[in-house]
$ cat run-v7.cif   # mmCIF, C-alpha atoms (C1' of nucleotides)
data_my_file
#
loop_
_atom_site.label_atom_id
_atom_site.label_comp_id
_atom_site.auth_asym_id
_atom_site.auth_seq_id
_atom_site.Cartn_x
_atom_site.Cartn_y
_atom_site.Cartn_z
CA MET A 216 34.39 5.23 13.56
CA ILE A 217 31.04 5.26 11.81
CA SER A 218 28.88 2.27 11.05
CA LEU A 219 26.19 2.05 8.41
CA ASN A 220 23.01 0.05 8.49
CA TYR A 221 21.77 -0.73 5.03
CA ARG A 222 18.60 -2.32 6.38
CA ASP A 223 17.71 1.03 7.84
CA SER A 224 15.38 3.00 5.60
CA ARG A 225 17.10 6.20 6.58
CA PRO A 226 19.47 7.66 3.98
CA ILE A 227 23.15 6.89 4.39
CA TYR A 228 24.07 10.54 4.61
CA GLU A 229 21.63 10.92 7.52
CA GLN A 230 23.21 8.03 9.34
CA ILE A 231 26.61 9.58 8.81
CA LYS A 232 25.35 12.92 10.05
CA ASP A 233 23.93 11.33 13.18
CA GLY A 234 27.07 9.33 13.81
CA LEU A 235 29.39 12.29 13.48
CA ARG A 236 27.08 14.54 15.44
CA LYS A 237 27.09 12.08 18.28
CA LEU A 238 30.88 11.90 18.24
CA ILE A 239 31.13 15.67 18.39
CA VAL A 240 28.37 16.27 20.87
CA THR A 241 29.61 13.63 23.28
CA GLY A 242 33.10 15.04 23.18
CA ALA A 243 34.51 11.87 21.64
CA MET A 244 35.82 14.29 19.06
CA ALA A 245 37.53 17.36 20.46
CA PRO A 246 36.81 20.85 19.12
CA ASP A 247 38.96 21.69 16.09
CA GLU A 248 39.90 18.04 15.73
CA LYS A 249 40.23 17.02 12.12
CA LEU A 250 37.60 14.78 10.60
CA PRO A 251 38.50 12.15 8.03
CA SER A 252 38.66 13.61 4.56
CA VAL A 253 35.69 13.28 2.26
CA ARG A 254 37.51 10.78 0.10
CA ALA A 255 39.07 8.85 2.97
CA LEU A 256 35.78 8.30 4.77
CA ALA A 257 34.08 7.41 1.50
CA THR A 258 36.70 4.76 0.83
CA GLN A 259 36.52 3.43 4.36
CA LEU A 260 32.73 3.05 4.18
CA SER A 261 32.80 1.88 0.57
CA ILE A 262 30.40 4.53 -0.60
CA ASN A 263 30.50 7.45 -2.96
CA PRO A 264 32.41 10.60 -1.90
CA ASN A 265 29.41 12.70 -2.88
CA THR A 266 27.39 11.11 -0.10
CA ILE A 267 30.02 12.10 2.46
CA GLN A 268 30.22 15.55 1.01
CA ARG A 269 26.51 15.96 1.46
CA ALA A 270 26.70 14.89 5.09
CA TYR A 271 29.62 17.23 5.79
CA ASN A 272 27.92 20.03 3.93
CA GLU A 273 24.75 19.77 6.00
CA LEU A 274 26.64 19.35 9.25
CA GLU A 275 28.51 22.55 8.45
CA GLY A 276 25.19 24.28 7.77
CA GLU A 277 24.03 23.15 11.20
CA GLY A 278 27.17 24.41 12.87
CA TYR A 279 28.61 21.11 14.02
CA ILE A 280 31.68 21.23 11.81
CA TYR A 281 33.52 23.76 9.69
CA SER A 282 35.38 23.07 6.49
CA VAL A 283 38.47 24.74 5.10
CA PRO A 284 39.11 24.12 1.40
CA GLY A 285 42.51 22.58 0.93
CA LYS A 286 42.91 21.75 4.60
CA GLY A 287 40.04 19.62 5.76
CA SER A 288 36.90 19.51 7.90
CA PHE A 289 36.99 20.02 11.64
CA ALA A 290 34.73 19.59 14.62
CA SER A 291 33.32 22.84 15.86
CA GLY A 292 32.84 23.77 19.50
CA ASN A 293 29.70 25.64 18.53
CA MET A 294 27.29 25.81 21.42
CA ASP A 295 24.46 27.20 19.31
CA ALA A 296 24.25 23.89 17.54
CA ASP A 297 24.10 22.13 20.89
CA ALA A 298 21.30 24.37 22.03
CA ALA A 299 19.30 23.69 18.91
CA ARG A 300 19.89 19.97 19.29
CA ARG A 301 18.87 20.10 22.95
CA LYS A 302 15.64 21.84 22.11
CA GLU A 303 14.90 19.32 19.38
CA LEU A 304 15.57 16.33 21.60
CA LEU A 305 13.58 17.73 24.49
CA THR A 306 10.46 18.13 22.38
CA ARG A 307 10.86 14.56 21.23
CA VAL A 308 11.17 13.39 24.80
CA ARG A 309 7.98 15.24 25.65
CA GLU A 310 6.13 13.51 22.83
CA LEU A 311 7.40 10.11 23.88
CA VAL A 312 6.52 10.67 27.50
CA THR A 313 3.01 11.72 26.57
CA GLU A 314 2.42 8.55 24.59
CA LEU A 315 4.08 6.37 27.22
CA ARG A 316 1.72 7.80 29.82
CA TYR A 317 -1.21 6.85 27.66
CA LEU A 318 0.24 3.37 27.40
CA GLY A 319 0.08 3.11 31.15
CA VAL A 320 3.74 3.61 31.95
CA THR A 321 4.09 4.94 35.45
CA ASP A 322 6.26 7.78 36.67
CA GLU A 323 8.25 5.23 38.59
CA GLU A 324 9.29 3.50 35.38
CA LEU A 325 10.25 6.77 33.76
CA LEU A 326 12.21 7.84 36.81
CA ALA A 327 13.93 4.48 36.74
CA ILE A 328 15.32 5.31 33.32
CA LEU A 329 16.86 8.49 34.62
CA LYS A 330 18.48 6.72 37.55
CA GLU A 331 19.55 3.86 35.33
CA GLU A 332 21.27 6.29 32.99
CA ASP A 333 23.03 7.91 35.92
CA LYS A 334 25.23 4.90 36.28
CA THR A 335 26.26 4.90 32.63
CA MET B 84 -9.89 12.39 12.51
CA ILE B 85 -6.49 12.14 10.89
CA SER B 86 -4.45 15.00 9.56
CA LEU B 87 -1.67 14.74 7.01
CA ASN B 88 1.41 16.87 6.75
CA TYR B 89 2.75 16.95 3.23
CA ARG B 90 5.78 18.98 4.28
CA ASP B 91 6.79 16.04 6.43
CA SER B 92 9.25 13.79 4.69
CA ARG B 93 7.69 10.78 6.34
CA PRO B 94 5.46 8.66 4.10
CA ILE B 95 1.72 9.30 4.24
CA TYR B 96 0.97 5.74 5.25
CA GLU B 97 3.30 6.14 8.22
CA GLN B 98 1.53 9.29 9.32
CA ILE B 99 -1.79 7.49 9.06
CA LYS B 100 -0.44 4.57 11.04
CA ASP B 101 0.79 6.88 13.78
CA GLY B 102 -2.43 8.82 13.85
CA LEU B 103 -4.63 5.74 14.13
CA ARG B 104 -2.32 4.08 16.61
CA LYS B 105 -2.54 7.13 18.83
CA LEU B 106 -6.33 7.11 18.64
CA ILE B 107 -6.43 3.47 19.62
CA VAL B 108 -3.74 3.58 22.25
CA THR B 109 -5.19 6.61 23.97
CA GLY B 110 -8.61 5.05 24.08
CA ALA B 111 -10.09 7.72 21.84
CA MET B 112 -11.20 4.73 19.84
CA ALA B 113 -12.83 1.95 21.83
CA PRO B 114 -11.91 -1.71 21.32
CA ASP B 115 -13.92 -3.29 18.49
CA GLU B 116 -14.98 0.13 17.30
CA LYS B 117 -15.22 0.31 13.54
CA LEU B 118 -12.63 2.30 11.64
CA PRO B 119 -13.55 4.24 8.54
CA SER B 120 -13.52 2.03 5.47
CA VAL B 121 -10.47 2.02 3.24
CA ARG B 122 -12.32 3.87 0.52
CA ALA B 123 -14.05 6.31 2.85
CA LEU B 124 -10.85 7.41 4.57
CA ALA B 125 -9.09 7.65 1.23
CA THR B 126 -11.80 9.94 -0.08
CA GLN B 127 -11.79 12.03 3.08
CA LEU B 128 -8.03 12.53 2.93
CA SER B 129 -8.02 12.88 -0.86
CA ILE B 130 -5.47 10.14 -1.34
CA ASN B 131 -5.37 6.75 -2.98
CA PRO B 132 -7.16 3.83 -1.30
CA ASN B 133 -4.03 1.73 -1.70
CA THR B 134 -2.19 4.01 0.70
CA ILE B 135 -4.87 3.50 3.33
CA GLN B 136 -4.86 -0.19 2.67
CA ARG B 137 -1.16 -0.32 3.31
CA ALA B 138 -1.53 1.51 6.61
CA TYR B 139 -4.37 -0.76 7.72
CA ASN B 140 -2.48 -3.81 6.58
CA GLU B 141 0.58 -2.96 8.63
CA LEU B 142 -1.45 -1.93 11.65
CA GLU B 143 -3.14 -5.30 11.53
CA GLY B 144 0.26 -6.97 11.33
CA GLU B 145 1.25 -5.06 14.46
CA GLY B 146 -1.89 -6.07 16.26
CA TYR B 147 -3.52 -2.68 16.63
CA ILE B 148 -6.50 -3.45 14.43
CA TYR B 149 -8.14 -6.46 12.87
CA SER B 150 -9.91 -6.58 9.53
CA VAL B 151 -12.87 -8.66 8.45
CA PRO B 152 -13.40 -8.91 4.69
CA GLY B 153 -16.84 -7.67 3.81
CA LYS B 154 -17.41 -6.09 7.19
CA GLY B 155 -14.66 -3.63 7.91
CA SER B 156 -11.64 -2.88 10.09
CA PHE B 157 -11.84 -2.55 13.83
CA ALA B 158 -9.73 -1.36 16.70
CA SER B 159 -8.22 -4.18 18.69
CA GLY B 160 -7.87 -4.24 22.45
CA ASN B 161 -4.64 -6.14 22.00
CA MET B 162 -2.29 -5.50 24.85
CA ASP B 163 0.62 -7.26 23.20
CA ALA B 164 0.82 -4.46 20.69
CA ASP B 165 0.87 -1.95 23.53
CA ALA B 166 3.66 -3.82 25.23
CA ALA B 167 5.74 -3.86 22.08
CA ARG B 168 5.10 -0.18 21.54
CA ARG B 169 6.04 0.57 25.14
CA LYS B 170 9.29 -1.28 24.80
CA GLU B 171 10.09 0.52 21.59
CA LEU B 172 9.35 3.95 23.01
CA LEU B 173 11.28 3.27 26.19
CA THR B 174 14.46 2.42 24.31
CA ARG B 175 14.09 5.61 22.33
CA VAL B 176 13.70 7.58 25.52
CA ARG B 177 16.85 5.98 26.84
CA GLU B 178 18.78 7.01 23.74
CA LEU B 179 17.49 10.54 23.94
CA VAL B 180 18.28 10.85 27.62
CA THR B 181 21.82 9.63 27.03
CA GLU B 182 22.46 12.23 24.38
CA LEU B 183 20.75 14.95 26.39
CA ARG B 184 23.03 14.21 29.32
CA TYR B 185 26.04 14.63 27.08
CA LEU B 186 24.58 17.93 25.95
CA GLY B 187 24.64 19.09 29.52
CA VAL B 188 20.97 18.77 30.33
CA THR B 189 20.52 18.29 34.05
CA ASP B 190 18.32 15.80 35.84
CA GLU B 191 16.28 18.73 37.07
CA GLU B 192 15.33 19.67 33.52
CA LEU B 193 14.40 16.10 32.71
CA LEU B 194 12.36 15.76 35.87
CA ALA B 195 10.66 19.02 34.98
CA ILE B 196 9.36 17.42 31.81
CA LEU B 197 7.76 14.62 33.77
CA LYS B 198 6.06 17.02 36.14
CA GLU B 199 5.07 19.26 33.29
CA GLU B 200 3.38 16.35 31.58
CA ASP B 201 1.57 15.47 34.75
CA LYS B 202 -0.64 18.49 34.33
CA THR B 203 -1.57 17.66 30.76
"C1'" DC C 82 58.08 23.47 -8.15
"C1'" DT C 83 55.77 19.17 -8.04
"C1'" DA C 84 52.94 15.69 -6.29
"C1'" DA C 85 49.50 14.41 -3.40
"C1'" DC C 86 46.45 15.74 -0.60
"C1'" DT C 87 42.23 18.76 0.73
"C1'" DG C 88 37.11 20.79 -0.08
"C1'" DT C 89 33.90 22.12 -3.59
"C1'" DA C 90 31.02 22.01 -7.76
"C1'" DC C 91 28.51 20.16 -11.50
"C1'" DT C 92 26.05 16.92 -14.59
"C1'" DA C 93 24.11 12.54 -15.66
"C1'" DG C 94 22.00 8.34 -14.72
"C1'" DA C 95 20.78 4.21 -12.04
"C1'" DA C 96 18.01 2.47 -8.28
"C1'" DC C 97 14.56 2.53 -4.96
"C1'" DG C 98 10.35 3.66 -2.50
"C1'" DG C 99 6.05 6.13 -2.16
"C1'" DT C 100 2.00 7.04 -4.46
"C1'" DT C 101 -1.47 6.86 -7.88
"C1'" DA C 102 -4.36 4.44 -11.10
"C1'" DA C 103 -7.36 1.03 -12.82
"C1'" DT C 104 -9.34 -3.28 -12.16
"C1'" DA C 105 -10.99 -7.40 -10.26
"C1'" DC C 106 -12.84 -10.76 -6.87
"C1'" DA C 107 -15.25 -12.36 -2.74
"C1'" DG C 108 -17.84 -11.67 1.50
"C1'" DT C 109 -21.50 -8.78 3.99
"C1'" DT C 110 -25.59 -6.17 4.53
"C1'" DG C 111 -30.12 -4.15 3.81
"C1'" DC D 62 -30.02 -7.44 -6.27
"C1'" DA D 63 -27.35 -3.24 -5.01
"C1'" DA D 64 -24.11 -1.14 -2.35
"C1'" DC D 65 -21.08 -1.64 0.74
"C1'" DT D 66 -16.73 -4.04 2.82
"C1'" DG D 67 -11.56 -5.93 2.62
"C1'" DT D 68 -8.15 -7.81 -0.47
"C1'" DA D 69 -5.15 -8.49 -4.50
"C1'" DT D 70 -2.60 -7.40 -8.65
"C1'" DT D 71 -0.31 -4.85 -12.19
"C1'" DA D 72 1.52 -0.80 -14.28
"C1'" DA D 73 3.14 3.67 -14.27
"C1'" DC D 74 4.81 8.12 -12.43
"C1'" DC D 75 7.74 10.80 -9.58
"C1'" DG D 76 10.93 12.43 -6.21
"C1'" DT D 77 14.88 11.25 -3.53
"C1'" DT D 78 18.99 8.72 -2.72
"C1'" DC D 79 23.06 7.26 -4.37
"C1'" DT D 80 26.61 6.40 -7.69
"C1'" DA D 81 29.74 7.81 -11.33
"C1'" DG D 82 32.77 10.76 -13.57
"C1'" DT D 83 35.04 14.93 -14.06
"C1'" DA D 84 36.86 19.33 -12.98
"C1'" DC D 85 38.91 23.28 -10.36
"C1'" DA D 86 41.31 25.67 -6.64
"C1'" DG D 87 43.70 25.87 -2.19
"C1'" DT D 88 47.14 23.45 1.01
"C1'" DT D 89 51.07 20.90 2.28
"C1'" DA D 90 55.11 18.00 2.31
"C1'" DG D 91 59.05 16.51 -0.40
#

$ encode --input "run-v7.cif" --output "structure tokens"
Amino acid sequence: MISLNYRDSRPIYEQIKDGLRKLIVTGAMAPDEKLPSVRALATQLSINPNTIQRAYNELEGEGYIYSVPGKGSFASGNMDADAARRKELLTRVRELVTELRYLGVTDEELLAILKEEDKT
Amino acid sequence: MISLNYRDSRPIYEQIKDGLRKLIVTGAMAPDEKLPSVRALATQLSINPNTIQRAYNELEGEGYIYSVPGKGSFASGNMDADAARRKELLTRVRELVTELRYLGVTDEELLAILKEEDKT
DNA sequence: CTAACTGTACTAGAACGGTTAATACAGTTG
DNA sequence: CAACTGTATTAACCGTTCTAGTACAGTTAG
């Protein structure tokens, strides 16, 4: 479900956040679908439950999931979170495009990426 | 010449690397142009020379600059480094585009970014 | 009701990376 | 020679990440 890369300098809880966010945002996880429990996911990934709790906690703060004590944590169909994520990603794309232009990448190459992704 | 953001969680030496790389890649710094000395830049930014040294050291490893003991460090007109950077940035763009598509961003919006950047 | 699950909270400490600090050495330049 | 340059090494500090251990309260199935 989630894979960790220990060579990556990024914190584990960030990797978990990104992994879960992608699952939710891509619809691989339906709204109100139950996430693995803090302890279950911790066991599965062989890490400390606190690390999972931190990831879940932050994801809840960002609106991607909601947690019910005693029941579990669930994917949220929150569109505000999506909007924020969109805005964030778009600014990053802008930055990348600017640098790529400086590196001599042509519009054709950039357009090719869009078309290429169409087929995915 | 370079500005640091201490609120940013990214390491200082990474910020310096990015800043210098941008200067070189955009041509703001000509090939074989002399960079500020390790000590000079450290003083200017009010940080430790070791941090600058690390940034320079890694930039040299990536081919963006070359250093001559006793003389100084200089921008390199190395195109291999540019190619590597291009490849890296392009894969990141691909990832971003994929997620943006899932988030419901249309091709029109993505194309708009390219046109928007044209005017820059 | 009980047992086993759930999220949540808190404290403590280990481990790691970033940064600073203080030197030292060798080559270059005026 | 004096003042610059890059380079190297060692130690220490500090903040963050992560682990560890424990506890409490709500939920759910038997």

$ resolve_selection --input "run-v7.cif" --expression "the PyMOL selection byres ((chain A) within 10 of (chain C))" --output "list of chain:residue names"
A:Ser224, A:Ser252, A:Val253, A:Arg254, A:Gln268, A:Asn272, A:Ser282, A:Val283, A:Pro284, A:Gly285, A:Lys286, A:Gly287, A:Ser288

$ atom_distance --input "run-v7.cif" --atom1 "atom CA of Tyr139 of chain B" --atom2 "atom CA of Tyr89 of chain B"
19.6 Å

$ interface_residues --input "run-v7.cif" --of "chain D" --to "chain B" --cutoff "9 Å" --atoms "only C-alpha atoms (C1' of nucleotides)" --output "CSV table (one decimal) with C-alpha atoms (C1' of nucleotides), keeping the file's coordinate frame"
chain,number,residue,atom,x,y,z
D,65,DC,C1',-21.1,-1.6,0.7
D,66,DT,C1',-16.7,-4.0,2.8
D,67,DG,C1',-11.6,-5.9,2.6
D,68,DT,C1',-8.2,-7.8,-0.5

$ resolve_selection --input "run-v7.cif" --expression "the PyMOL selection byres ((chain A and resi 237) around 12)" --output "NGL selection string"
(:A and (216-217 or 230-236 or 238-245 or 274 or 279 or 290 or 297 or 300)) or (:B and (178-179 or 181-186))

$ residues_near_point --input "run-v7.cif" --point "(2.6, -0.4, 29.8)" --cutoff "6 Å" --atoms "all atoms listed in the file" --output "JSON, numbers by chain"
{"A": [318, 319, 320], "B": [166, 169]}

$ resolve_selection --input "run-v7.cif" --expression "the PyMOL selection byres ((chain B and resi 160) around 6)" --output "PyMOL selection string"
chain B and resi 114+159+161

$ build_atoms --input "run-v7.cif" --residues "segment 89-119 of chain B" --atoms "N, CA and C atoms" --output "compact mmCIF listing (two decimals), keeping the file's coordinate frame"
# COMPACT_ATOMS: atom_id res chain seq x y z
N TYR B 89 2.02 17.25 4.47
CA TYR B 89 2.75 16.95 3.23
C TYR B 89 4.16 17.52 3.24
N ARG B 90 4.41 18.46 4.18
CA ARG B 90 5.78 18.98 4.28
C ARG B 90 6.67 17.93 4.94
N ASP B 91 6.05 17.09 5.75
CA ASP B 91 6.79 16.04 6.43
C ASP B 91 7.36 15.06 5.42
N SER B 92 8.62 14.70 5.64
CA SER B 92 9.25 13.79 4.69
C SER B 92 8.76 12.35 4.91
N ARG B 93 8.14 12.13 6.06
CA ARG B 93 7.69 10.78 6.34
C ARG B 93 6.55 10.40 5.40
N PRO B 94 6.51 9.13 5.00
CA PRO B 94 5.46 8.66 4.10
C PRO B 94 4.06 8.88 4.68
N ILE B 95 3.11 9.10 3.81
CA ILE B 95 1.72 9.30 4.24
C ILE B 95 1.21 8.11 5.04
N TYR B 96 1.51 6.92 4.56
CA TYR B 96 0.97 5.74 5.25
C TYR B 96 1.53 5.62 6.66
N GLU B 97 2.74 6.15 6.88
CA GLU B 97 3.30 6.14 8.22
C GLU B 97 2.56 7.14 9.11
N GLN B 98 2.25 8.27 8.56
CA GLN B 98 1.53 9.29 9.32
C GLN B 98 0.15 8.77 9.70
N ILE B 99 -0.47 8.06 8.78
CA ILE B 99 -1.79 7.49 9.06
C ILE B 99 -1.67 6.43 10.15
N LYS B 100 -0.66 5.59 10.03
CA LYS B 100 -0.44 4.57 11.04
C LYS B 100 -0.28 5.20 12.42
N ASP B 101 0.55 6.22 12.49
CA ASP B 101 0.79 6.88 13.78
C ASP B 101 -0.48 7.51 14.32
N GLY B 102 -1.21 8.16 13.41
CA GLY B 102 -2.43 8.82 13.85
C GLY B 102 -3.44 7.83 14.40
N LEU B 103 -3.66 6.75 13.68
CA LEU B 103 -4.63 5.74 14.13
C LEU B 103 -4.14 5.05 15.39
N ARG B 104 -2.86 4.75 15.44
CA ARG B 104 -2.32 4.08 16.61
C ARG B 104 -2.54 4.93 17.85
N LYS B 105 -2.35 6.25 17.69
CA LYS B 105 -2.54 7.13 18.83
C LYS B 105 -4.00 7.11 19.28
N LEU B 106 -4.90 7.13 18.31
CA LEU B 106 -6.33 7.11 18.64
C LEU B 106 -6.69 5.85 19.41
N ILE B 107 -6.11 4.75 18.97
CA ILE B 107 -6.43 3.47 19.62
C ILE B 107 -5.79 3.37 20.99
N VAL B 108 -4.51 3.72 21.02
CA VAL B 108 -3.74 3.58 22.25
C VAL B 108 -4.24 4.50 23.36
N THR B 109 -4.72 5.67 22.97
CA THR B 109 -5.19 6.61 23.97
C THR B 109 -6.62 6.33 24.38
N GLY B 110 -7.24 5.38 23.72
CA GLY B 110 -8.61 5.05 24.08
C GLY B 110 -9.63 5.95 23.42
N ALA B 111 -9.16 6.87 22.57
CA ALA B 111 -10.09 7.72 21.84
C ALA B 111 -10.96 6.86 20.94
N MET B 112 -10.43 5.70 20.62
CA MET B 112 -11.20 4.73 19.84
C MET B 112 -11.33 3.45 20.66
N ALA B 113 -12.57 3.09 20.96
CA ALA B 113 -12.83 1.95 21.83
C ALA B 113 -12.48 0.64 21.12
N PRO B 114 -12.15 -0.39 21.89
CA PRO B 114 -11.91 -1.71 21.32
C PRO B 114 -13.12 -2.17 20.51
N ASP B 115 -12.88 -2.78 19.38
CA ASP B 115 -13.92 -3.29 18.49
C ASP B 115 -14.74 -2.19 17.82
N GLU B 116 -14.31 -0.97 18.01
CA GLU B 116 -14.98 0.13 17.30
C GLU B 116 -14.56 0.09 15.84
N LYS B 117 -15.49 0.42 14.97
CA LYS B 117 -15.22 0.31 13.54
C LYS B 117 -14.44 1.51 13.02
N LEU B 118 -13.40 1.23 12.28
CA LEU B 118 -12.63 2.30 11.64
C LEU B 118 -13.33 2.68 10.35
N PRO B 119 -13.01 3.87 9.85
CA PRO B 119 -13.55 4.24 8.54
C PRO B 119 -13.08 3.23 7.49
